[in-house]
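The structure file protein_12.txt is reproduced below (compact mmCIF, C-alpha atoms and all ligand atoms).
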```txt
# COMPACT_ATOMS: atom_id res chain seq x y z
CA MET A 1 -29.15 4.56 1.68
CA THR A 2 -26.62 3.54 4.34
CA LYS A 3 -23.19 3.82 2.77
CA VAL A 4 -20.20 1.96 4.24
CA LEU A 5 -16.83 3.32 3.14
CA VAL A 6 -13.58 1.37 3.47
CA ALA A 7 -10.79 3.98 3.42
CA THR A 8 -7.34 2.44 3.66
CA GLU A 9 -4.12 4.15 2.64
CA LYS A 10 -2.49 0.72 3.14
CA PRO A 11 -5.00 -1.62 1.46
CA PHE A 12 -6.40 -4.84 2.91
CA ALA A 13 -5.74 -8.08 1.01
CA LYS A 14 -8.29 -8.43 -1.82
CA ALA A 15 -9.88 -11.45 -0.13
CA ALA A 16 -10.64 -9.26 2.91
CA VAL A 17 -12.16 -6.48 0.78
CA ASP A 18 -14.35 -9.02 -1.04
CA LYS A 19 -15.64 -10.38 2.26
CA ILE A 20 -16.32 -6.90 3.67
CA GLU A 21 -18.20 -5.96 0.50
CA ALA A 22 -20.31 -9.14 0.70
CA ILE A 23 -21.27 -8.48 4.35
CA VAL A 24 -22.16 -4.85 3.62
CA LYS A 25 -24.29 -5.72 0.57
CA GLU A 26 -25.95 -8.67 2.32
CA ALA A 27 -27.10 -6.20 4.99
CA GLY A 28 -28.67 -4.06 2.25
CA PHE A 29 -26.08 -1.27 2.52
CA GLU A 30 -24.04 0.44 -0.17
CA PHE A 31 -20.30 -0.33 -0.36
CA ALA A 32 -17.56 2.15 -1.29
CA LEU A 33 -13.79 1.75 -1.41
CA LEU A 34 -10.96 4.28 -1.26
CA GLU A 35 -7.50 2.70 -1.30
CA LYS A 36 -3.91 3.98 -1.51
CA TYR A 37 -4.99 7.60 -1.32
CA THR A 38 -2.08 10.02 -1.08
CA ASP A 39 -4.03 13.21 -0.57
CA LYS A 40 -6.14 13.99 2.52
CA ALA A 41 -8.58 15.76 0.19
CA ASP A 42 -9.49 12.37 -1.34
CA LEU A 43 -10.47 11.06 2.10
CA LEU A 44 -12.40 14.24 2.96
CA ASN A 45 -14.30 13.92 -0.29
CA ALA A 46 -15.00 10.19 0.08
CA VAL A 47 -16.43 10.45 3.61
CA LYS A 48 -18.93 13.20 2.67
CA ASP A 49 -21.93 10.89 2.31
CA ALA A 50 -20.66 7.86 4.30
CA SER A 51 -22.77 6.57 7.22
CA ALA A 52 -20.06 4.17 8.35
CA LEU A 53 -16.30 4.12 7.91
CA ILE A 54 -13.74 1.31 8.16
CA VAL A 55 -10.09 2.38 8.45
CA ARG A 56 -6.71 0.92 9.43
CA SER A 57 -3.99 3.33 10.64
CA ASP A 58 -5.62 6.12 8.65
CA ASN A 59 -5.93 9.35 10.60
CA VAL A 60 -9.54 10.10 11.40
CA THR A 61 -9.07 13.68 12.54
CA ALA A 62 -11.68 16.24 13.60
CA GLU A 63 -11.54 17.55 10.02
CA VAL A 64 -12.45 14.11 8.65
CA VAL A 65 -15.24 13.60 11.19
CA GLU A 66 -16.67 17.05 10.48
CA ALA A 67 -16.53 16.48 6.70
CA ALA A 68 -18.61 13.31 7.18
CA ALA A 69 -21.99 14.86 7.97
CA ASP A 70 -23.87 11.51 7.86
CA LEU A 71 -21.28 9.50 9.80
CA LYS A 72 -22.67 7.33 12.62
CA ILE A 73 -19.81 4.92 13.21
CA VAL A 74 -16.10 4.54 12.49
CA VAL A 75 -14.37 1.20 13.06
CA ARG A 76 -10.60 0.95 13.23
CA ALA A 77 -9.99 -2.53 11.80
CA GLY A 78 -7.24 -3.33 14.26
CA ALA A 79 -6.30 -2.87 17.90
CA GLY A 80 -4.63 0.52 18.40
CA TYR A 81 -7.02 3.44 17.94
CA ASP A 82 -4.55 6.28 18.55
CA ASN A 83 -5.31 7.37 14.95
CA LEU A 84 -8.93 8.22 15.81
CA ASP A 85 -9.82 11.62 17.28
CA LEU A 86 -12.16 10.26 19.93
CA GLU A 87 -13.18 13.69 21.20
CA ALA A 88 -14.24 14.75 17.72
CA CYS A 89 -16.16 11.48 17.30
CA THR A 90 -18.00 12.00 20.58
CA ALA A 91 -18.69 15.67 19.84
CA ASN A 92 -20.23 14.68 16.50
CA ASN A 93 -22.22 11.70 17.85
CA VAL A 94 -20.05 9.20 16.03
CA VAL A 95 -19.47 5.83 17.70
CA ALA A 96 -15.80 4.77 17.46
CA MET A 97 -14.83 1.10 17.73
CA ASN A 98 -11.79 -1.14 17.27
CA THR A 99 -11.59 -4.89 16.59
CA PRO A 100 -9.39 -6.14 19.44
CA GLY A 101 -7.56 -9.44 19.02
CA GLN A 102 -8.33 -9.91 15.33
CA ASN A 103 -4.82 -9.27 14.00
CA SER A 104 -2.80 -10.22 17.09
CA ASN A 105 -1.23 -13.44 15.82
CA ALA A 106 0.14 -11.69 12.73
CA VAL A 107 1.84 -9.06 14.91
CA ALA A 108 3.32 -11.71 17.21
CA GLU A 109 4.68 -13.72 14.26
CA LEU A 110 6.34 -10.61 12.82
CA ALA A 111 8.02 -9.91 16.18
CA PHE A 112 9.70 -13.33 15.99
CA GLY A 113 10.48 -13.03 12.30
CA MET A 114 12.39 -9.85 13.04
CA MET A 115 14.04 -11.25 16.20
CA ILE A 116 15.32 -14.33 14.40
CA SER A 117 16.60 -12.29 11.48
CA MET A 118 18.50 -10.01 13.90
CA ALA A 119 19.86 -12.99 15.89
CA ARG A 120 21.14 -14.54 12.62
CA ASN A 121 22.80 -11.31 11.44
CA ALA A 122 20.25 -10.95 8.66
CA TYR A 123 21.53 -14.24 7.18
CA ASN A 124 24.80 -12.67 6.06
CA GLY A 125 26.86 -15.85 6.38
CA THR A 126 28.33 -15.15 9.83
CA ALA A 127 27.51 -17.15 12.99
CA GLY A 128 24.52 -15.75 14.81
CA THR A 129 22.77 -16.74 18.04
CA GLU A 130 19.63 -18.68 18.98
CA LEU A 131 16.56 -17.55 20.90
CA ARG A 132 16.21 -20.84 22.81
CA GLY A 133 17.12 -20.46 26.47
CA LYS A 134 17.05 -16.65 26.35
CA LYS A 135 14.75 -14.55 28.52
CA ILE A 136 12.00 -12.55 26.85
CA GLY A 137 9.96 -9.89 28.66
CA ILE A 138 6.50 -9.07 27.37
CA HIS A 139 5.66 -5.45 28.12
CA ALA A 140 1.84 -5.52 28.27
CA TYR A 141 0.22 -8.94 28.30
CA GLY A 142 -2.78 -8.29 26.06
CA ASN A 143 -3.95 -10.06 22.91
CA VAL A 144 -0.59 -9.80 21.13
CA GLY A 145 1.41 -10.49 24.28
CA VAL A 146 -0.38 -13.80 24.80
CA TYR A 147 0.56 -14.96 21.28
CA VAL A 148 4.16 -13.78 21.80
CA ALA A 149 4.33 -15.86 24.99
CA LYS A 150 3.06 -19.01 23.23
CA ILE A 151 5.52 -18.69 20.34
CA ALA A 152 8.40 -17.92 22.74
CA GLN A 153 7.56 -21.01 24.80
CA GLY A 154 7.55 -23.11 21.61
CA ILE A 155 11.04 -21.83 20.82
CA GLY A 156 12.19 -22.60 24.37
CA MET A 157 12.59 -19.07 25.73
CA GLU A 158 11.97 -18.15 29.38
CA VAL A 159 8.95 -15.87 29.35
CA TYR A 160 8.32 -12.96 31.74
CA ALA A 161 5.60 -10.32 31.57
CA PHE A 162 4.59 -7.04 33.13
CA ASP A 163 1.03 -5.76 32.91
CA PRO A 164 -0.72 -3.97 35.79
CA PHE A 165 -4.10 -4.79 34.20
CA VAL A 166 -3.60 -8.58 34.04
CA SER A 167 -3.53 -10.82 37.11
CA ALA A 168 -0.41 -12.73 38.07
CA ASP A 169 -2.57 -15.86 38.24
CA LYS A 170 -3.54 -15.57 34.56
CA MET A 171 0.13 -15.18 33.59
CA LYS A 172 1.17 -18.13 35.75
CA ALA A 173 -1.60 -20.27 34.27
CA ASP A 174 -0.05 -19.51 30.85
CA GLY A 175 3.42 -20.58 32.07
CA VAL A 176 4.58 -16.95 32.13
CA THR A 177 6.49 -15.45 35.08
CA PRO A 178 4.89 -12.18 36.24
CA VAL A 179 7.17 -9.39 37.44
CA ASP A 180 6.14 -6.55 39.75
CA SER A 181 7.49 -3.57 37.88
CA VAL A 182 8.41 -2.45 34.42
CA GLU A 183 11.97 -1.82 35.65
CA GLU A 184 12.25 -5.44 36.81
CA LEU A 185 11.07 -6.68 33.41
CA TYR A 186 13.76 -4.71 31.56
CA ALA A 187 16.47 -5.62 34.10
CA THR A 188 15.64 -9.33 33.79
CA CYS A 189 15.22 -9.90 30.06
CA GLN A 190 17.71 -9.85 27.18
CA TYR A 191 14.75 -9.54 24.79
CA VAL A 192 11.82 -7.20 25.49
CA SER A 193 8.77 -7.19 23.23
CA LEU A 194 6.65 -4.05 23.45
CA HIS A 195 2.85 -4.21 23.31
CA ILE A 196 1.69 -1.05 25.07
CA PRO A 197 -0.76 1.34 23.38
CA ALA A 198 0.28 4.89 22.43
CA ASN A 199 -1.45 7.40 24.67
CA ASP A 200 -0.58 10.43 26.80
CA LYS A 201 0.86 8.20 29.55
CA THR A 202 2.95 5.92 27.35
CA LYS A 203 4.33 8.24 24.66
CA GLN A 204 8.14 8.53 25.01
CA SER A 205 7.95 6.34 28.14
CA ILE A 206 10.55 3.85 26.85
CA ASN A 207 13.51 5.99 27.79
CA PHE A 208 17.22 5.78 28.59
CA ASP A 209 16.71 4.91 32.29
CA LEU A 210 14.55 1.94 31.45
CA LEU A 211 16.48 0.63 28.45
CA SER A 212 19.86 0.95 30.15
CA LYS A 213 18.72 -1.63 32.72
CA MET A 214 18.61 -4.37 30.09
CA PRO A 215 21.27 -7.12 30.32
CA ALA A 216 24.11 -7.77 27.87
CA ASN A 217 23.24 -8.16 24.18
CA ALA A 218 19.84 -6.59 24.76
CA VAL A 219 17.26 -6.46 21.97
CA LEU A 220 14.15 -4.27 22.08
CA VAL A 221 11.41 -5.38 19.69
CA ASN A 222 8.77 -2.77 19.03
CA THR A 223 5.64 -3.89 17.21
CA ALA A 224 3.56 -1.35 19.15
CA ARG A 225 3.96 2.30 18.11
CA LYS A 226 7.06 4.37 17.35
CA GLU A 227 5.68 7.15 19.57
CA VAL A 228 6.22 5.16 22.78
CA ILE A 229 10.01 5.31 22.28
CA HIS A 230 11.98 8.31 23.52
CA GLU A 231 13.88 8.73 20.26
CA ALA A 232 16.76 10.89 21.54
CA ASP A 233 17.29 8.52 24.48
CA MET A 234 17.41 5.53 22.14
CA ILE A 235 20.18 7.15 20.09
CA LYS A 236 22.09 7.97 23.28
CA LEU A 237 21.79 4.38 24.45
CA MET A 238 22.80 2.88 21.09
CA ASN A 239 25.86 5.15 21.15
CA GLU A 240 26.81 4.10 24.70
CA ARG A 241 26.09 0.39 24.32
CA ALA A 242 27.47 -1.44 21.31
CA ASP A 243 25.67 -4.59 22.50
CA PHE A 244 22.19 -3.06 22.19
CA SER A 245 19.89 -3.69 19.19
CA TYR A 246 16.59 -2.09 18.27
CA ILE A 247 13.96 -3.61 15.99
CA SER A 248 10.84 -1.68 15.11
CA ASP A 249 7.80 -2.31 12.95
CA ILE A 250 7.91 1.10 11.28
CA ALA A 251 10.89 3.41 11.26
CA PRO A 252 11.32 6.08 13.93
CA ASP A 253 11.16 9.74 12.90
CA ASN A 254 14.94 10.04 13.39
CA LYS A 255 15.80 6.92 11.34
CA ASP A 256 18.70 8.63 9.55
CA GLU A 257 20.55 8.86 12.86
CA TYR A 258 20.82 5.06 12.93
CA ALA A 259 23.28 4.86 10.01
CA ALA A 260 26.15 4.53 12.52
CA PHE A 261 24.60 1.40 14.09
CA GLU A 262 24.90 -0.99 11.13
CA GLY A 263 23.65 -4.48 12.00
CA ARG A 264 22.08 -3.36 15.29
CA TYR A 265 18.78 -2.06 14.02
CA PHE A 266 16.00 -3.09 11.67
CA PHE A 267 12.96 -1.04 10.67
CA THR A 268 10.11 -2.09 8.39
CA PRO A 269 9.45 0.49 5.65
CA LYS A 270 5.69 0.40 6.33
CA LYS A 271 3.89 -0.95 9.39
CA MET A 272 3.75 -4.66 8.56
CA GLY A 273 2.60 -6.35 11.79
CA ALA A 274 -1.00 -6.83 10.71
CA GLN A 275 -0.24 -7.13 7.01
CA THR A 276 -1.31 -10.74 6.38
CA ALA A 277 -4.32 -12.02 4.48
CA GLU A 278 -5.55 -13.75 7.63
CA ALA A 279 -5.28 -10.64 9.84
CA ASN A 280 -6.87 -8.46 7.13
CA ILE A 281 -9.78 -10.88 6.81
CA ASN A 282 -10.22 -11.25 10.58
CA ALA A 283 -10.12 -7.51 11.32
CA GLY A 284 -11.98 -6.40 8.19
CA VAL A 285 -14.80 -8.91 8.58
CA ALA A 286 -15.12 -8.08 12.29
CA ALA A 287 -15.32 -4.36 11.43
CA ALA A 288 -18.03 -4.96 8.82
CA ASN A 289 -20.04 -7.18 11.17
CA GLN A 290 -19.73 -4.65 14.00
CA ILE A 291 -21.07 -1.91 11.70
CA VAL A 292 -24.04 -4.01 10.59
CA ASP A 293 -24.80 -5.02 14.19
CA PHE A 294 -24.57 -1.41 15.37
CA ILE A 295 -26.74 0.05 12.60
CA LYS A 296 -29.36 -2.72 12.73
CA ASN A 297 -29.37 -3.56 16.45
CA GLY A 298 -27.58 -0.71 18.22
CA ASN A 299 -24.83 -3.05 19.49
CA LYS A 300 -21.96 -0.92 20.82
CA THR A 301 -19.84 -3.70 22.37
CA PHE A 302 -16.49 -2.54 21.01
CA GLN A 303 -17.06 1.19 21.43
CA VAL A 304 -13.89 3.02 22.55
CA ASN A 305 -15.27 6.56 22.96
CA LYS A 306 -17.60 5.78 25.86
C1 LIG B 1 -3.11 -2.41 15.09
O1 LIG B 1 -3.11 -1.51 15.94
O2 LIG B 1 -4.06 -3.20 14.98
C2 LIG B 1 -1.92 -2.62 14.22
O3 LIG B 1 -0.94 -1.70 14.47
C3 LIG B 1 -2.27 -2.72 12.75
O4 LIG B 1 -2.22 -1.53 12.04
P1 LIG B 1 -2.51 -1.52 10.47
O5 LIG B 1 -3.92 -1.94 10.25
O6 LIG B 1 -2.27 -0.12 10.04
O7 LIG B 1 -1.58 -2.46 9.80
```
Show this structure as structure tokens.
Ligand code: 3PG
Amino acid sequence: MTKVLVATEKPFAKAAVDKIEAIVKEAGFEFALLEKYTDKADLLNAVKDASALIVRSDNVTAEVVEAAADLKIVVRAGAGYDNLDLEACTANNVVAMNTPGQNSNAVAELAFGMMISMARNAYNGTAGTELRGKKIGIHAYGNVGVYVAKIAQGIGMEVYAFDPFVSADKMKADGVTPVDSVEELYATCQYVSLHIPANDKTKQSINFDLLSKMPANAVLVNTARKEVIHEADMIKLMNERADFSYISDIAPDNKDEYAAFEGRYFFTPKKMGAQTAEANINAGVAAANQIVDFIKNGNKTFQVNK
């Protein structure tokens, strides 16, 4: 029997789980659910007889892949797949996929929720500022970046973007001003919204040199990954520039060092960008459908360990 396991330390909305279960059962497969696990041993035990695995930010390490002797496919219900050990998947003939675009709007909305809260001093009764008329730079113009641009335009911000993998014509067609370098983006925009993946090239790449180029009253909004920030550099910059604010969807490892910067930082306690019913349903249903299509028809469209 083909068993599909949903293993999520941070659970999907119930409506998403119900839909995933219905798709799996409709395909004639067995459905299993492991939620809110706190011990890696629970995951290692649950994957033992799973043929397919759906995860979120859960770490699918070599140990997990090797414990899952029957595993054929793992789908990260979401965009960033830095939590999957792709080499281990490939070595064990496991197809790894993501579900690009499915939770992008939720992430973009959170970026603005956090930006507005920061601009209004967390609604503490003092006069804040508005986003209208300000320049926002989108660092990586992918699925989330496109939604960020649309919302920013609705608010009346001037939108710039840098992405070496997206043509200037596409950006211009969206009413976005392309810039030629990452340095130019940071030097131009008071707000920068980060949407780069975490990989060997990008980890710690957002450093003092880059951030110090930002204009007065700069705000960096990170709904990507904490690992792309050079944490020591960020502390140095926040110390040197009292006009600089940092917002991140998930706290950095050195969060205790921010106590001195009251009012200039905000961190979500858990990664919240994709935590909406709609995003959970979109990404979870896509993951379930991709598994069924792979097992029944061999469709590998969203494979990331090619
Ligand atoms: C993603 O990469 O899709 C987001 O970061 C969502 O992560 P989550 O599923 O753990 O909320």
Query raised in the report: Residues within 10 Å of ligand LIG 1 (chain B) (all atoms listed in the file), as number ranges by chain?
Result: A: 8-12, 55-58, 76-83, 98-104, 106-107, 144, 195, 197-198, 223-225, 249-250, 270-276, 279-280, 283-284
Report task. Skip Leu43 (chain A) itself and residues of its chain fewer than 2 positions away, then list as a PyMOL selection string all residues within 10 Å of it, counting all atoms listed in the file. Result -> chain A and resi 7-9+34-35+37-41+45-48+58-60+64+67-68
Can I get the selected residues back with C-alpha atoms, as a JSON list (two decimals), keeping the file's coordinate frame?
```json
[["chain", "number", "residue", "atom", "x", "y", "z"],
["A", 7, "ALA", "CA", -10.79, 3.98, 3.42],
["A", 8, "THR", "CA", -7.34, 2.44, 3.66],
["A", 9, "GLU", "CA", -4.12, 4.15, 2.64],
["A", 34, "LEU", "CA", -10.96, 4.28, -1.26],
["A", 35, "GLU", "CA", -7.50, 2.70, -1.30],
["A", 37, "TYR", "CA", -4.99, 7.60, -1.32],
["A", 38, "THR", "CA", -2.08, 10.02, -1.08],
["A", 39, "ASP", "CA", -4.03, 13.21, -0.57],
["A", 40, "LYS", "CA", -6.14, 13.99, 2.52],
["A", 41, "ALA", "CA", -8.58, 15.76, 0.19],
["A", 45, "ASN", "CA", -14.30, 13.92, -0.29],
["A", 46, "ALA", "CA", -15.00, 10.19, 0.08],
["A", 47, "VAL", "CA", -16.43, 10.45, 3.61],
["A", 48, "LYS", "CA", -18.93, 13.20, 2.67],
["A", 58, "ASP", "CA", -5.62, 6.12, 8.65],
["A", 59, "ASN", "CA", -5.93, 9.35, 10.60],
["A", 60, "VAL", "CA", -9.54, 10.10, 11.40],
["A", 64, "VAL", "CA", -12.45, 14.11, 8.65],
["A", 67, "ALA", "CA", -16.53, 16.48, 6.70],
["A", 68, "ALA", "CA", -18.61, 13.31, 7.18]]
```
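Contact shell of region 201-218 of chain A at 8 Å (only C-alpha atoms; same-chain neighbours under 2 positions omitted): Glu183, Tyr186, Ala187, Thr188, Cys189, Gln190, Tyr191, Ile196, Pro197, Ala198, Asn199, Leu220, Glu227, Val228, Ile229, His230, Glu231, Asp233, Met234, Lys236, Leu237, Asp243, Phe244 and Ser245 of chain A.
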Would you mind exporting the chosen residues as a PDB file, keeping the file's coordinate frame, restricted to C-alpha atoms?
```
ATOM      1  CA  GLU A 183      11.970  -1.820  35.650  1.00  0.00           C
ATOM      2  CA  TYR A 186      13.760  -4.710  31.560  1.00  0.00           C
ATOM      3  CA  ALA A 187      16.470  -5.620  34.100  1.00  0.00           C
ATOM      4  CA  THR A 188      15.640  -9.330  33.790  1.00  0.00           C
ATOM      5  CA  CYS A 189      15.220  -9.900  30.060  1.00  0.00           C
ATOM      6  CA  GLN A 190      17.710  -9.850  27.180  1.00  0.00           C
ATOM      7  CA  TYR A 191      14.750  -9.540  24.790  1.00  0.00           C
ATOM      8  CA  ILE A 196       1.690  -1.050  25.070  1.00  0.00           C
ATOM      9  CA  PRO A 197      -0.760   1.340  23.380  1.00  0.00           C
ATOM     10  CA  ALA A 198       0.280   4.890  22.430  1.00  0.00           C
ATOM     11  CA  ASN A 199      -1.450   7.400  24.670  1.00  0.00           C
ATOM     12  CA  LEU A 220      14.150  -4.270  22.080  1.00  0.00           C
ATOM     13  CA  GLU A 227       5.680   7.150  19.570  1.00  0.00           C
ATOM     14  CA  VAL A 228       6.220   5.160  22.780  1.00  0.00           C
ATOM     15  CA  ILE A 229      10.010   5.310  22.280  1.00  0.00           C
ATOM     16  CA  HIS A 230      11.980   8.310  23.520  1.00  0.00           C
ATOM     17  CA  GLU A 231      13.880   8.730  20.260  1.00  0.00           C
ATOM     18  CA  ASP A 233      17.290   8.520  24.480  1.00  0.00           C
ATOM     19  CA  MET A 234      17.410   5.530  22.140  1.00  0.00           C
ATOM     20  CA  LYS A 236      22.090   7.970  23.280  1.00  0.00           C
ATOM     21  CA  LEU A 237      21.790   4.380  24.450  1.00  0.00           C
ATOM     22  CA  ASP A 243      25.670  -4.590  22.500  1.00  0.00           C
ATOM     23  CA  PHE A 244      22.190  -3.060  22.190  1.00  0.00           C
ATOM     24  CA  SER A 245      19.890  -3.690  19.190  1.00  0.00           C
TER      25      SER A 245
END
```
Report task. Rank A:Asp174, A:Glu130, A:Glu87, A:Asp253 by their smallest atom-to-atom distance to Phe267 (chain A), using only C-alpha atoms, and report the top residue only. Result -> A:Asp253
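Across the model, the gap from CA of Asp200 (chain A) to CA of Asp163 (chain A) is 17.4 Å.
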Requested in this report: Using all atoms listed in the file, determine which residues lie at most 9 Å from Ala96 (chain A), disregarding the query and same-chain residues fewer than 6 positions distant; provide the list as number ranges by chain.
Outcome: A: 72-76, 81, 84, 86, 89-90, 302-306
Query - Atomic distance CA of Val6 (chain A) - CA of Ser248 (chain A), expressed in Å with one decimal - result: 27.2 Å
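Picture a line from CA of Asp70 (chain A) to CA of Asp49 (chain A); it runs 5.9 Å.
Using all atoms listed in the file for every distance, the candidate list A:Asn254, A:Asn143, A:Thr129, A:Asn222 yields A:Asn222 as the residue closest to Val192 (chain A).
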Report task. Please determine the residues with any atom at most 6 Å from (-0.6, -15.6, 21.1) (coordinates as given in the file, with only C-alpha atoms counting) and report them as an MDAnalysis selection string. Result -> chainID A and resid 105 144 146:148 150
For the selection you just gave me, I'd like the residues written to a file as a PDB file, in the frame of the given file, keeping C-alpha atoms.
```pdb
ATOM      1  CA  ASN A 105      -1.230 -13.440  15.820  1.00  0.00           C
ATOM      2  CA  VAL A 144      -0.590  -9.800  21.130  1.00  0.00           C
ATOM      3  CA  VAL A 146      -0.380 -13.800  24.800  1.00  0.00           C
ATOM      4  CA  TYR A 147       0.560 -14.960  21.280  1.00  0.00           C
ATOM      5  CA  VAL A 148       4.160 -13.780  21.800  1.00  0.00           C
ATOM      6  CA  LYS A 150       3.060 -19.010  23.230  1.00  0.00           C
TER       7      LYS A 150
END
```
Requested in this report: Might you pull out every residue within 10 Å of Phe112 (chain A), with all atoms listed in the file counted and same-chain residues fewer than 5 positions away left off, and present them as a PyMOL selection string?
Outcome: chain A and resi 107+117-118+131+148+151-152+155+193+221
Please write the residues from the selection above to a file, keeping C-alpha atoms, as a CSV table (one decimal), keeping the file's coordinate frame.
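Dumped to out18.csv:
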```csv
chain,number,residue,atom,x,y,z
A,107,VAL,CA,1.8,-9.1,14.9
A,117,SER,CA,16.6,-12.3,11.5
A,118,MET,CA,18.5,-10.0,13.9
A,131,LEU,CA,16.6,-17.6,20.9
A,148,VAL,CA,4.2,-13.8,21.8
A,151,ILE,CA,5.5,-18.7,20.3
A,152,ALA,CA,8.4,-17.9,22.7
A,155,ILE,CA,11.0,-21.8,20.8
A,193,SER,CA,8.8,-7.2,23.2
A,221,VAL,CA,11.4,-5.4,19.7
```
Query raised in the report: Using only C-alpha atoms, which residue out of A:Ala259, A:Ala122, A:Ala13, A:Val94 lies closest to Phe294 (chain A)?
Result: A:Val94
